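Data from run-v8.tsv: TSV, C-alpha atoms
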```
chain	number	residue	atom	x	y	z
A	1	MET	CA	242.85	-85.77	62.87
A	2	ASN	CA	242.32	-89.22	64.29
A	3	MET	CA	241.34	-90.56	67.66
A	4	SER	CA	244.04	-92.31	69.68
A	5	ASN	CA	245.09	-95.91	69.19
A	6	LEU	CA	243.14	-97.12	72.21
A	7	VAL	CA	239.81	-95.82	70.93
A	8	ARG	CA	240.32	-97.34	67.49
A	9	SER	CA	241.27	-100.76	68.87
A	10	GLY	CA	238.29	-100.75	71.21
A	11	ALA	CA	235.93	-99.95	68.35
A	12	ASN	CA	237.45	-102.71	66.23
A	13	ILE	CA	236.85	-105.28	68.96
A	14	LEU	CA	233.37	-104.13	69.99
A	15	MET	CA	231.67	-103.78	66.61
A	16	PRO	CA	230.84	-107.45	65.78
A	17	PHE	CA	229.42	-107.97	69.27
A	18	ILE	CA	227.13	-104.97	68.89
A	19	LEU	CA	225.92	-106.24	65.50
A	20	VAL	CA	225.15	-109.74	66.83
A	21	TYR	CA	223.37	-108.30	69.87
A	22	GLY	CA	221.23	-106.06	67.68
A	23	PHE	CA	220.18	-108.92	65.41
A	24	TYR	CA	219.34	-111.05	68.47
A	25	ILE	CA	217.01	-108.34	69.78
A	26	VAL	CA	215.29	-108.01	66.38
A	27	VAL	CA	214.71	-111.70	65.71
A	28	HIS	CA	213.52	-112.62	69.25
A	29	GLY	CA	210.94	-109.82	69.26
A	30	HIS	CA	207.99	-112.10	69.95
A	31	LEU	CA	209.57	-113.89	72.95
A	32	THR	CA	211.53	-111.33	74.96
A	33	PRO	CA	211.33	-107.56	75.33
A	34	GLY	CA	212.49	-105.90	72.14
A	35	GLY	CA	211.35	-105.95	68.57
A	36	GLY	CA	212.03	-104.13	65.34
A	37	PHE	CA	212.52	-100.53	66.45
A	38	GLN	CA	214.73	-101.26	69.45
A	39	GLY	CA	216.98	-103.69	67.57
A	40	GLY	CA	217.34	-101.34	64.61
A	41	ALA	CA	218.51	-98.56	66.93
A	42	VAL	CA	221.13	-100.88	68.46
A	43	ILE	CA	222.47	-101.83	65.03
A	44	ALA	CA	222.64	-98.17	64.03
A	45	THR	CA	224.82	-97.61	67.12
A	46	ALA	CA	227.50	-99.76	65.48
A	47	VAL	CA	227.62	-97.40	62.48
A	48	VAL	CA	227.85	-94.41	64.85
A	49	LEU	CA	230.73	-96.06	66.70
A	50	LEU	CA	232.56	-96.45	63.42
A	51	MET	CA	232.03	-92.79	62.59
A	52	VAL	CA	233.22	-91.61	66.01
A	53	ALA	CA	236.38	-93.72	66.24
A	54	TYR	CA	237.64	-92.97	62.72
A	55	SER	CA	237.05	-89.46	61.46
A	56	TYR	CA	234.21	-88.74	59.05
A	57	GLU	CA	236.33	-88.38	55.91
A	58	ASN	CA	237.76	-91.86	56.27
A	59	VAL	CA	234.36	-93.44	56.78
A	60	ARG	CA	232.57	-91.64	53.94
A	61	ALA	CA	234.41	-93.64	51.30
A	62	SER	CA	233.54	-97.03	52.75
A	63	VAL	CA	229.94	-96.59	54.04
A	64	SER	CA	228.08	-96.10	50.80
A	65	LYS	CA	224.83	-94.20	50.55
A	66	HIS	CA	223.27	-96.56	48.01
A	67	VAL	CA	223.35	-99.60	50.29
A	68	LEU	CA	221.56	-97.70	53.06
A	69	LYS	CA	219.04	-96.16	50.68
A	70	ASN	CA	218.21	-99.51	49.11
A	71	SER	CA	217.90	-101.24	52.45
A	72	GLU	CA	215.51	-98.62	53.78
A	73	THR	CA	213.16	-98.89	50.80
A	74	ALA	CA	213.43	-102.68	50.85
A	75	GLY	CA	212.37	-102.73	54.50
A	76	LEU	CA	209.27	-100.61	53.94
A	77	LEU	CA	208.29	-102.57	50.80
A	78	LEU	CA	208.68	-105.88	52.64
A	79	PHE	CA	206.45	-104.56	55.43
A	80	ILE	CA	203.66	-103.49	53.06
A	81	GLY	CA	204.03	-106.59	50.86
A	82	THR	CA	203.65	-109.00	53.75
A	83	ALA	CA	200.54	-107.16	54.89
A	84	LEU	CA	199.08	-107.18	51.36
A	85	LEU	CA	199.66	-110.91	50.87
A	86	ALA	CA	197.05	-111.56	53.54
A	87	LEU	CA	194.39	-110.45	51.06
A	88	THR	CA	195.15	-113.47	48.85
A	89	ALA	CA	194.75	-115.88	51.76
A	90	GLY	CA	191.19	-114.88	52.49
A	91	LEU	CA	191.78	-112.69	55.55
A	92	ALA	CA	191.53	-108.92	55.85
A	93	PHE	CA	194.44	-106.52	55.35
A	94	PHE	CA	197.19	-107.20	57.94
A	95	GLY	CA	195.73	-110.59	58.84
A	96	ASN	CA	197.98	-113.24	60.34
A	97	TRP	CA	198.13	-115.65	57.43
A	98	LEU	CA	201.16	-117.64	58.58
A	99	LEU	CA	199.66	-118.59	61.94
A	100	ASP	CA	198.49	-122.20	61.45
A	101	LEU	CA	199.90	-122.87	58.01
A	102	GLY	CA	202.97	-124.83	59.07
A	103	VAL	CA	205.35	-123.54	56.40
A	104	ILE	CA	207.53	-121.27	58.56
A	105	PHE	CA	206.85	-119.71	62.00
A	106	GLY	CA	203.66	-121.71	62.22
A	107	THR	CA	203.76	-123.75	65.44
A	108	PRO	CA	200.87	-122.94	67.83
A	109	VAL	CA	201.76	-121.50	71.23
A	110	ALA	CA	201.15	-123.37	74.46
A	111	PHE	CA	198.82	-121.47	76.77
A	112	GLY	CA	200.07	-119.83	79.95
A	113	VAL	CA	203.60	-119.50	81.23
A	114	ASN	CA	206.07	-121.44	79.05
A	115	PRO	CA	209.67	-121.26	77.86
A	116	GLY	CA	209.50	-119.67	74.45
A	117	ASP	CA	209.76	-121.38	71.07
A	118	ILE	CA	211.18	-119.32	68.22
A	119	ASN	CA	209.17	-121.14	65.58
A	120	THR	CA	205.89	-119.47	66.64
A	121	GLY	CA	204.41	-116.12	65.83
A	122	GLY	CA	202.97	-116.07	62.35
A	123	ILE	CA	203.94	-112.95	60.40
A	124	ILE	CA	205.22	-111.11	63.49
A	125	PRO	CA	208.93	-112.12	63.13
A	126	VAL	CA	208.81	-111.24	59.41
A	127	LEU	CA	207.44	-107.77	60.25
A	128	ASN	CA	210.08	-107.37	62.96
A	129	ILE	CA	212.90	-108.06	60.50
A	130	ALA	CA	211.40	-105.67	57.94
A	131	VAL	CA	211.13	-102.85	60.48
A	132	GLY	CA	214.67	-103.56	61.73
A	133	ILE	CA	216.12	-103.22	58.23
A	134	GLU	CA	214.20	-99.99	57.68
A	135	VAL	CA	215.29	-98.39	60.95
A	136	LEU	CA	218.93	-99.30	60.27
A	137	GLY	CA	218.83	-97.66	56.85
A	138	ALA	CA	216.98	-94.58	58.14
A	139	MET	CA	219.36	-93.90	61.04
A	140	GLY	CA	222.45	-94.34	58.86
A	141	LEU	CA	221.12	-92.02	56.16
A	142	LEU	CA	220.12	-89.38	58.73
A	143	LEU	CA	223.60	-89.41	60.24
A	144	LEU	CA	225.35	-89.23	56.86
A	145	ALA	CA	223.15	-86.33	55.70
A	146	MET	CA	223.64	-84.27	58.84
A	147	LEU	CA	227.38	-84.88	59.01
A	148	GLY	CA	227.81	-84.12	55.33
A	149	GLY	CA	226.11	-80.76	55.60
A	150	LEU	CA	228.15	-79.77	58.62
A	151	LYS	CA	231.31	-78.29	57.15
A	152	GLY	CA	231.68	-76.14	54.10
A	153	ASP	CA	229.07	-73.91	52.57
A	154	ALA	CA	226.74	-76.26	50.79
A	155	GLU	CA	223.69	-74.54	49.26
B	1	MET	CA	200.08	-88.60	98.33
B	2	ILE	CA	203.62	-89.96	98.59
B	3	GLU	CA	202.82	-92.81	96.23
B	4	ASN	CA	201.95	-90.53	93.30
B	5	ILE	CA	205.63	-89.75	92.76
B	6	PRO	CA	205.82	-90.94	89.10
B	7	PHE	CA	203.06	-88.49	88.13
B	8	PHE	CA	204.83	-85.66	89.96
B	9	CYS	CA	208.09	-86.49	88.20
B	10	ALA	CA	206.39	-86.44	84.80
B	11	GLY	CA	204.81	-83.08	85.59
B	12	LEU	CA	208.15	-81.73	86.79
B	13	LEU	CA	209.85	-82.79	83.56
B	14	VAL	CA	207.18	-81.07	81.44
B	15	LEU	CA	207.44	-77.94	83.60
B	16	ILE	CA	211.24	-77.77	83.29
B	17	GLY	CA	211.00	-78.28	79.52
B	18	LEU	CA	208.46	-75.46	79.22
B	19	ALA	CA	210.66	-73.17	81.34
B	20	VAL	CA	213.65	-73.87	79.08
B	21	ILE	CA	211.66	-73.09	75.91
B	22	VAL	CA	210.27	-69.84	77.28
B	23	THR	CA	213.41	-68.50	78.96
B	24	LYS	CA	216.45	-69.33	76.84
B	25	ARG	CA	217.64	-67.40	73.79
B	26	ASP	CA	219.77	-70.03	72.08
B	27	LEU	CA	218.08	-72.09	69.36
B	28	ILE	CA	219.63	-75.44	70.23
B	29	LYS	CA	218.62	-75.10	73.87
B	30	MET	CA	215.02	-74.53	72.84
B	31	VAL	CA	215.06	-77.77	70.82
B	32	MET	CA	216.44	-79.62	73.83
B	33	GLY	CA	213.62	-78.19	75.94
B	34	LEU	CA	211.12	-79.69	73.51
B	35	ALA	CA	212.88	-83.06	73.87
B	36	LEU	CA	212.48	-82.76	77.65
B	37	VAL	CA	208.72	-82.18	77.27
B	38	GLU	CA	208.42	-85.29	75.13
B	39	ALA	CA	210.33	-87.34	77.71
B	40	GLY	CA	207.93	-86.22	80.43
B	41	VAL	CA	204.91	-87.19	78.34
B	42	ASN	CA	206.36	-90.68	77.72
B	43	LEU	CA	206.85	-91.19	81.46
B	44	LEU	CA	203.27	-90.12	82.14
B	45	LEU	CA	201.95	-92.61	79.57
B	46	VAL	CA	203.81	-95.58	81.02
B	47	ALA	CA	202.99	-94.68	84.63
B	48	THR	CA	199.26	-94.64	83.85
B	49	GLY	CA	199.11	-98.33	83.05
B	50	TYR	CA	200.61	-99.73	86.25
B	51	ILE	CA	198.74	-102.29	88.36
B	52	SER	CA	200.07	-102.90	91.89
B	53	GLY	CA	202.13	-106.06	92.17
B	54	GLY	CA	202.21	-106.74	88.44
B	55	VAL	CA	205.04	-107.87	86.18
B	56	ALA	CA	205.80	-107.19	82.52
B	57	PRO	CA	203.20	-108.61	80.06
B	58	ILE	CA	205.46	-111.34	78.68
B	59	PHE	CA	204.63	-115.01	79.07
B	60	THR	CA	208.17	-116.43	78.65
B	61	ASN	CA	209.20	-117.68	82.11
B	62	ALA	CA	206.95	-115.20	83.88
B	63	PRO	CA	207.05	-115.28	87.72
B	64	SER	CA	203.31	-114.74	88.18
B	65	THR	CA	200.25	-114.08	86.06
B	66	GLU	CA	199.25	-110.65	87.33
B	67	MET	CA	200.42	-108.34	84.56
B	68	VAL	CA	200.35	-104.63	83.92
B	69	MET	CA	198.43	-103.04	81.06
B	70	ALA	CA	199.99	-103.66	77.65
B	71	THR	CA	198.31	-101.17	75.32
B	72	VAL	CA	199.90	-98.08	76.87
B	73	GLN	CA	203.40	-99.44	76.30
B	74	ALA	CA	202.65	-99.83	72.59
B	75	MET	CA	201.61	-96.16	72.43
B	76	THR	CA	204.84	-95.12	74.18
B	77	LEU	CA	206.94	-97.05	71.66
B	78	THR	CA	205.37	-95.15	68.78
B	79	ASN	CA	205.74	-91.85	70.61
B	80	ILE	CA	209.47	-92.32	71.18
B	81	VAL	CA	210.12	-92.90	67.47
B	82	ILE	CA	208.06	-89.84	66.51
B	83	GLY	CA	209.99	-87.80	69.09
B	84	ILE	CA	213.37	-88.60	67.60
B	85	ALA	CA	212.05	-87.90	64.10
B	86	THR	CA	210.84	-84.44	65.16
B	87	THR	CA	214.09	-83.60	66.98
B	88	ALA	CA	216.25	-84.68	64.03
B	89	LEU	CA	214.34	-82.51	61.55
B	90	LEU	CA	214.33	-79.51	63.94
B	91	LEU	CA	218.09	-79.74	64.42
B	92	SER	CA	218.62	-79.85	60.64
B	93	PHE	CA	216.65	-76.62	60.30
B	94	VAL	CA	218.66	-75.02	63.12
B	95	MET	CA	221.89	-75.88	61.28
B	96	VAL	CA	220.74	-74.20	58.06
B	97	ILE	CA	219.29	-71.14	59.84
B	98	SER	CA	222.40	-70.49	61.92
B	99	ARG	CA	224.54	-70.67	58.79
B	100	LYS	CA	222.40	-68.03	57.03
B	101	TYR	CA	222.26	-65.51	59.88
B	102	GLY	CA	225.72	-66.16	61.30
B	103	THR	CA	224.40	-66.34	64.86
B	104	ARG	CA	222.27	-68.60	67.01
B	105	ASP	CA	220.51	-65.90	69.00
B	106	VAL	CA	216.76	-65.69	68.53
B	107	THR	CA	216.45	-61.96	69.20
B	108	GLU	CA	218.69	-61.12	66.23
B	109	MET	CA	216.64	-62.95	63.63
B	110	ARG	CA	214.00	-60.50	62.68
B	111	ARG	CA	213.35	-60.77	58.96
B	112	LEU	CA	213.64	-63.27	56.14
B	113	LYS	CA	217.11	-63.09	54.67
B	114	GLU	CA	218.04	-63.73	51.06
C	1	MET	CA	206.94	-56.74	82.73
C	2	LYS	CA	207.87	-59.58	80.39
C	3	ASN	CA	209.74	-61.38	83.16
C	4	ALA	CA	206.75	-61.17	85.50
C	5	LEU	CA	204.44	-62.52	82.77
C	6	ARG	CA	206.74	-65.46	82.12
C	7	THR	CA	207.02	-66.34	85.80
C	8	GLY	CA	203.26	-66.03	86.24
C	9	VAL	CA	202.56	-68.45	83.39
C	10	LEU	CA	205.01	-70.99	84.82
C	11	VAL	CA	203.51	-70.74	88.32
C	12	VAL	CA	199.99	-71.29	86.97
C	13	CYS	CA	201.19	-74.35	85.02
C	14	ALA	CA	202.90	-75.74	88.13
C	15	VAL	CA	199.73	-75.39	90.23
C	16	ALA	CA	197.65	-77.06	87.50
C	17	PHE	CA	200.05	-80.04	87.29
C	18	LEU	CA	200.07	-80.38	91.08
C	19	VAL	CA	196.27	-80.51	91.32
C	20	ALA	CA	196.05	-83.00	88.43
C	21	GLY	CA	198.78	-85.17	89.93
C	22	LEU	CA	197.00	-85.44	93.25
C	23	GLY	CA	193.71	-86.42	91.64
C	24	LEU	CA	195.01	-89.55	89.90
C	25	SER	CA	195.52	-92.86	91.65
C	26	PHE	CA	198.72	-94.77	91.03
C	27	GLY	CA	198.45	-98.54	90.83
C	28	THR	CA	194.70	-98.91	90.20
C	29	PRO	CA	193.68	-97.75	86.75
C	30	ALA	CA	190.03	-97.06	86.08
C	31	TYR	CA	189.06	-99.23	83.09
C	32	THR	CA	190.99	-102.42	82.26
C	33	ASP	CA	188.44	-104.36	80.21
C	34	MET	CA	190.25	-104.18	76.87
C	35	ASP	CA	193.58	-105.15	78.39
C	36	ASP	CA	192.01	-108.07	80.27
C	37	TYR	CA	190.73	-109.41	76.95
C	38	MET	CA	194.13	-108.91	75.30
C	39	LEU	CA	195.99	-110.69	78.10
C	40	ALA	CA	193.56	-113.61	78.12
C	41	HIS	CA	193.31	-114.20	74.35
C	42	GLY	CA	196.54	-112.68	73.07
C	43	GLN	CA	198.55	-115.86	72.93
C	44	GLU	CA	196.16	-117.91	70.81
C	45	GLU	CA	195.12	-115.11	68.44
C	46	THR	CA	198.51	-113.59	67.68
C	47	GLY	CA	200.78	-116.52	68.46
C	48	SER	CA	203.44	-114.62	70.39
C	49	ASN	CA	204.54	-114.75	74.02
C	50	ASN	CA	205.17	-111.02	74.13
C	51	ILE	CA	201.79	-109.30	74.41
C	52	VAL	CA	203.21	-105.83	73.70
C	53	THR	CA	204.62	-107.03	70.35
C	54	GLY	CA	201.27	-108.68	69.64
C	55	VAL	CA	199.50	-105.39	70.26
C	56	VAL	CA	201.98	-103.35	68.21
C	57	PHE	CA	202.11	-105.63	65.18
C	58	ASP	CA	198.79	-107.48	65.16
C	59	TYR	CA	195.99	-105.71	67.05
C	60	ARG	CA	197.23	-102.22	66.13
C	61	GLY	CA	199.23	-102.91	63.00
C	62	PHE	CA	197.93	-99.83	61.21
C	63	ASP	CA	199.62	-97.52	63.70
C	64	THR	CA	202.94	-99.25	63.05
C	65	LEU	CA	202.45	-98.78	59.32
C	66	GLY	CA	201.91	-95.06	59.91
C	67	GLU	CA	205.00	-94.88	62.09
C	68	ALA	CA	207.19	-96.56	59.46
C	69	THR	CA	205.93	-94.00	56.94
C	70	VAL	CA	206.78	-91.14	59.34
C	71	LEU	CA	210.34	-92.46	59.64
C	72	PHE	CA	210.63	-92.64	55.86
C	73	THR	CA	209.29	-89.10	55.43
C	74	VAL	CA	211.72	-87.67	57.98
C	75	VAL	CA	214.70	-89.13	56.11
C	76	LEU	CA	213.26	-87.69	52.89
C	77	GLY	CA	212.98	-84.24	54.47
C	78	ALA	CA	216.48	-84.29	55.94
C	79	GLY	CA	217.96	-85.37	52.62
C	80	LEU	CA	216.08	-82.53	50.93
C	81	VAL	CA	217.45	-79.88	53.31
C	82	PHE	CA	221.08	-80.89	52.76
C	83	ARG	CA	221.18	-81.25	49.00
C	84	ARG	CA	223.85	-79.58	46.86
C	85	LEU	CA	222.72	-77.37	44.02
C	86	GLY	CA	224.42	-76.41	40.79
C	87	LYS	CA	227.27	-78.85	40.71
C	88	LYS	CA	227.11	-80.89	37.55
C	89	GLU	CA	224.61	-79.51	35.10
C	90	ASP	CA	224.51	-78.52	31.44
C	91	GLU	CA	227.70	-80.30	30.54
C	92	TYR	CA	226.76	-82.20	27.45
C	93	GLU	CA	229.11	-84.78	26.07
C	94	TYR	CA	227.90	-85.15	22.53
C	95	GLU	CA	228.55	-82.54	19.92
```

Transcribe the structure of this file into structure tokens.
Amino acid sequence: MNMSNLVRSGANILMPFILVYGFYIVVHGHLTPGGGFQGGAVIATAVVLLMVAYSYENVRASVSKHVLKNSETAGLLLFIGTALLALTAGLAFFGNWLLDLGVIFGTPVAFGVNPGDINTGGIIPVLNIAVGIEVLGAMGLLLLAMLGGLKGDAE
Amino acid sequence: MIENIPFFCAGLLVLIGLAVIVTKRDLIKMVMGLALVEAGVNLLLVATGYISGGVAPIFTNAPSTEMVMATVQAMTLTNIVIGIATTALLLSFVMVISRKYGTRDVTEMRRLKE
Amino acid sequence: MKNALRTGVLVVCAVAFLVAGLGLSFGTPAYTDMDDYMLAHGQEETGSNNIVTGVVFDYRGFDTLGEATVLFTVVLGAGLVFRRLGKKEDEYEYE
């Protein structure tokens, strides 16, 4: 049993905009309100919209569990790995080792009120992206598990 | 007294959540009462850190430099994520329990069922 | 009897919240020394314009690590509750 034609067309049009908006919130976490957790929740909303517009049996074949599982573990490992790499640069655990290095995200910030520059921040944008990937994987897996155990007599 | 309204609203939310947990007999409504209590606690946390006439603690195109406290908002962010984690796991348990007993009424679940 | 006990507990809780709500002062918190330091030195020490993100990921990064682990553990628990037992087992292919 499917939703009507209007709902499916609306979901088709809206989904890329929701994805772009979610990635914008994640990447600009050190300049505007937002960050990893908020942006990951917005991206997970796109997966929910797909599951609501088309019924669950049609979506289960195309949204694979392995992609979500791998992305969740990759997010957590990237988070811990970036924090551990600070030990090799001479700082403590979780130190900001990209702050004045100049490789990437290394420009110093002007003091006071200023229009933001995305190239600043040290390891904070890297941590934001890692948390965003992890939240996206976690929310998708939670939804798939709870919807899969809904019908039928599993266990 | 009229300017303490955010604290009264947070207390009212916690009170309504407690009343729902204590009074209702349906399992899903009890879990929703717990979610109401957590929402009230988050409002109380954010309302504690307000300074009169302050703006958000963000320096990008800020209108003035009198800003509210920033540590409390970090605590609230963590609390919201923990709240959804707790509610998701509780609802999974409610699904499995209601399938075993065949009902969602609390007064009819008296013993462990095989 | 049980109804009167429930209503009594709720009334006591309501009076306690009312007294506590009147005692606080909205708009003038008591101690702001730590937040004054974070607002004054947050931009040069963390390198971000958003002080809340600087607090969450740099000054208090350990709490965020704990929260990411909680999220991981919840997905683990939910996947454990909804597993399917006894589907494909002891079906050996070789002879």

Legend entry - Within 9 Å of chain C: residues of chain A, using all atoms listed in the file, as JSON, numbers by chain: {"A": [29, 30, 31, 32, 33, 34, 35, 72, 73, 76, 79, 80, 94, 95, 96, 99, 106, 107, 108, 109, 110, 111, 112, 113, 114, 116, 117, 120, 121, 122, 123, 124, 127, 128, 131, 134, 135, 138, 139, 141, 142, 145, 146, 148, 149, 154, 155]}

Take the residues just selected and output them with C-alpha atoms as a short mmCIF file (atom, residue, chain, number, x, y, z; two decimals), in the frame of the given file.
```cif
data_model
loop_
_atom_site.label_atom_id
_atom_site.label_comp_id
_atom_site.auth_asym_id
_atom_site.auth_seq_id
_atom_site.Cartn_x
_atom_site.Cartn_y
_atom_site.Cartn_z
CA GLY A 29 210.94 -109.82 69.26
CA HIS A 30 207.99 -112.10 69.95
CA LEU A 31 209.57 -113.89 72.95
CA THR A 32 211.53 -111.33 74.96
CA PRO A 33 211.33 -107.56 75.33
CA GLY A 34 212.49 -105.90 72.14
CA GLY A 35 211.35 -105.95 68.57
CA GLU A 72 215.51 -98.62 53.78
CA THR A 73 213.16 -98.89 50.80
CA LEU A 76 209.27 -100.61 53.94
CA PHE A 79 206.45 -104.56 55.43
CA ILE A 80 203.66 -103.49 53.06
CA PHE A 94 197.19 -107.20 57.94
CA GLY A 95 195.73 -110.59 58.84
CA ASN A 96 197.98 -113.24 60.34
CA LEU A 99 199.66 -118.59 61.94
CA GLY A 106 203.66 -121.71 62.22
CA THR A 107 203.76 -123.75 65.44
CA PRO A 108 200.87 -122.94 67.83
CA VAL A 109 201.76 -121.50 71.23
CA ALA A 110 201.15 -123.37 74.46
CA PHE A 111 198.82 -121.47 76.77
CA GLY A 112 200.07 -119.83 79.95
CA VAL A 113 203.60 -119.50 81.23
CA ASN A 114 206.07 -121.44 79.05
CA GLY A 116 209.50 -119.67 74.45
CA ASP A 117 209.76 -121.38 71.07
CA THR A 120 205.89 -119.47 66.64
CA GLY A 121 204.41 -116.12 65.83
CA GLY A 122 202.97 -116.07 62.35
CA ILE A 123 203.94 -112.95 60.40
CA ILE A 124 205.22 -111.11 63.49
CA LEU A 127 207.44 -107.77 60.25
CA ASN A 128 210.08 -107.37 62.96
CA VAL A 131 211.13 -102.85 60.48
CA GLU A 134 214.20 -99.99 57.68
CA VAL A 135 215.29 -98.39 60.95
CA ALA A 138 216.98 -94.58 58.14
CA MET A 139 219.36 -93.90 61.04
CA LEU A 141 221.12 -92.02 56.16
CA LEU A 142 220.12 -89.38 58.73
CA ALA A 145 223.15 -86.33 55.70
CA MET A 146 223.64 -84.27 58.84
CA GLY A 148 227.81 -84.12 55.33
CA GLY A 149 226.11 -80.76 55.60
CA ALA A 154 226.74 -76.26 50.79
CA GLU A 155 223.69 -74.54 49.26
#
```

Residues of chain B that approach chain C to 10 Å or less, counting only C-alpha atoms: could you list each one with the shortest pair of atoms and its distance in Å to one decimal, rows by chain and increasing residue number, as CSV?
```
residue,atom,partner,partner_atom,distance
B:Met1,CA,C:Leu22,CA,6.7
B:Ile2,CA,C:Leu22,CA,9.6
B:Glu3,CA,C:Phe26,CA,6.9
B:Asn4,CA,C:Phe26,CA,5.8
B:Ile5,CA,C:Gly21,CA,8.7
B:Pro6,CA,C:Phe26,CA,8.3
B:Phe7,CA,C:Gly21,CA,5.7
B:Phe8,CA,C:Gly21,CA,6.1
B:Cys9,CA,C:Gly21,CA,9.6
B:Ala10,CA,C:Gly21,CA,9.3
B:Gly11,CA,C:Phe17,CA,5.9
B:Leu12,CA,C:Ala14,CA,8.1
B:Val14,CA,C:Phe17,CA,9.3
B:Leu15,CA,C:Ala14,CA,6.8
B:Ile16,CA,C:Leu10,CA,9.3
B:Leu18,CA,C:Leu10,CA,8.0
B:Ala19,CA,C:Leu10,CA,7.0
B:Val22,CA,C:Arg6,CA,7.4
B:Thr23,CA,C:Arg6,CA,8.0
B:Ala47,CA,C:Phe26,CA,7.7
B:Thr48,CA,C:Pro29,CA,7.0
B:Gly49,CA,C:Pro29,CA,6.6
B:Tyr50,CA,C:Gly27,CA,5.2
B:Ile51,CA,C:Gly27,CA,4.5
B:Ser52,CA,C:Gly27,CA,4.8
B:Gly53,CA,C:Gly27,CA,8.5
B:Gly54,CA,C:Gly27,CA,9.3
B:Ala56,CA,C:Asn50,CA,9.2
B:Pro57,CA,C:Ile51,CA,5.9
B:Ile58,CA,C:Asn50,CA,4.6
B:Phe59,CA,C:Asn49,CA,5.1
B:Thr60,CA,C:Asn49,CA,6.1
B:Asn61,CA,C:Asn49,CA,9.8
B:Thr65,CA,C:Leu39,CA,9.6
B:Glu66,CA,C:Leu39,CA,9.8
B:Met67,CA,C:Leu39,CA,8.2
B:Val68,CA,C:Asp35,CA,8.8
B:Met69,CA,C:Asp35,CA,5.9
B:Ala70,CA,C:Val52,CA,5.5
B:Thr71,CA,C:Val55,CA,6.7
B:Val72,CA,C:Val52,CA,9.0
B:Gln73,CA,C:Val52,CA,6.9
B:Ala74,CA,C:Val56,CA,5.7
B:Met75,CA,C:Val56,CA,8.3
B:Leu77,CA,C:Val56,CA,8.7
B:Thr78,CA,C:Glu67,CA,6.7
B:Asn79,CA,C:Glu67,CA,9.1
B:Val81,CA,C:Glu67,CA,7.7
B:Ile82,CA,C:Glu67,CA,7.4
B:Ile84,CA,C:Leu71,CA,9.4
B:Ala85,CA,C:Val74,CA,6.1
B:Thr86,CA,C:Val74,CA,7.9
B:Ala88,CA,C:Ala78,CA,8.1
B:Leu89,CA,C:Ala78,CA,6.3
B:Leu90,CA,C:Ala78,CA,9.6
B:Leu91,CA,C:Ala78,CA,9.8
B:Ser92,CA,C:Ala78,CA,6.8
B:Phe93,CA,C:Val81,CA,7.8
B:Met95,CA,C:Phe82,CA,9.9
B:Val96,CA,C:Val81,CA,8.1
```

Box for stretch 51-69 of chain B - axis-aligned, 5 Å on each of the six sides, all listed atoms - centre and size in Å to one decimal, as JSON.
```
{"center_x": 203.8, "center_y": -110.0, "center_z": 85.4, "size_x": 20.8, "size_y": 25.4, "size_z": 23.5}
```

Inset, instruction - Find the distance between atom CA of B:Ile80 and atom CA of A:Phe37 and write it in Å to one decimal. - result: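 So the two atoms, atom CA of B:Ile80 and atom CA of A:Phe37, lie 10.0 Å apart.
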
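Nearest residue to chain A, choosing from B:Gly17, B:Gly40, B:Pro63, B:Gly33 and counting all atoms listed in the file: B:Pro63.
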
Inset, instruction - To one decimal in Å, tell me the separation between atom CA of A:Ile133 and atom CA of A:Leu49. - result: 18.3 Å

Inset, instruction - To one decimal in Å, tell me the separation between atom CA of B:Ile97 and atom CA of B:Leu27. - result: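 If I compute the distance from atom CA of B:Ile97 to atom CA of B:Leu27, I get 9.6 Å.
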
Legend entry - Residue with smallest distance to A:Asn70 - pool A:Leu147, A:Val27, A:Gly137, A:Met3, counting all atoms listed in the file: A:Gly137

Legend entry - From B:Val41, B:Val106, B:Ala62, B:Ala35, residue lying nearest chain A [all atoms listed in the file]: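 Comparing B:Val41, B:Val106, B:Ala62, B:Ala35 against chain A, the winner is B:Ala62.
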
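In this comparison, which uses all atoms listed in the file, the residue of A:Ala41, A:Leu78, A:Val103, A:Val7 approaching chain B most closely is A:Ala41.
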
Legend entry - Spatial neighbours of A:Tyr54, 12 Å, all atoms listed in the file, chain gap at least 6 places, as a PyMOL selection string: chain A and resi 1-12+47-48+60-62

Include C-alpha atoms and write out the residues we just selected as a PDB file, keeping the file's coordinate frame.
```pdb
ATOM      1  CA  MET A   1     242.850 -85.770  62.870  1.00  0.00           C
ATOM      2  CA  ASN A   2     242.320 -89.220  64.290  1.00  0.00           C
ATOM      3  CA  MET A   3     241.340 -90.560  67.660  1.00  0.00           C
ATOM      4  CA  SER A   4     244.040 -92.310  69.680  1.00  0.00           C
ATOM      5  CA  ASN A   5     245.090 -95.910  69.190  1.00  0.00           C
ATOM      6  CA  LEU A   6     243.140 -97.120  72.210  1.00  0.00           C
ATOM      7  CA  VAL A   7     239.810 -95.820  70.930  1.00  0.00           C
ATOM      8  CA  ARG A   8     240.320 -97.340  67.490  1.00  0.00           C
ATOM      9  CA  SER A   9     241.270-100.760  68.870  1.00  0.00           C
ATOM     10  CA  GLY A  10     238.290-100.750  71.210  1.00  0.00           C
ATOM     11  CA  ALA A  11     235.930 -99.950  68.350  1.00  0.00           C
ATOM     12  CA  ASN A  12     237.450-102.710  66.230  1.00  0.00           C
ATOM     13  CA  VAL A  47     227.620 -97.400  62.480  1.00  0.00           C
ATOM     14  CA  VAL A  48     227.850 -94.410  64.850  1.00  0.00           C
ATOM     15  CA  ARG A  60     232.570 -91.640  53.940  1.00  0.00           C
ATOM     16  CA  ALA A  61     234.410 -93.640  51.300  1.00  0.00           C
ATOM     17  CA  SER A  62     233.540 -97.030  52.750  1.00  0.00           C
TER      18      SER A  62
END
```
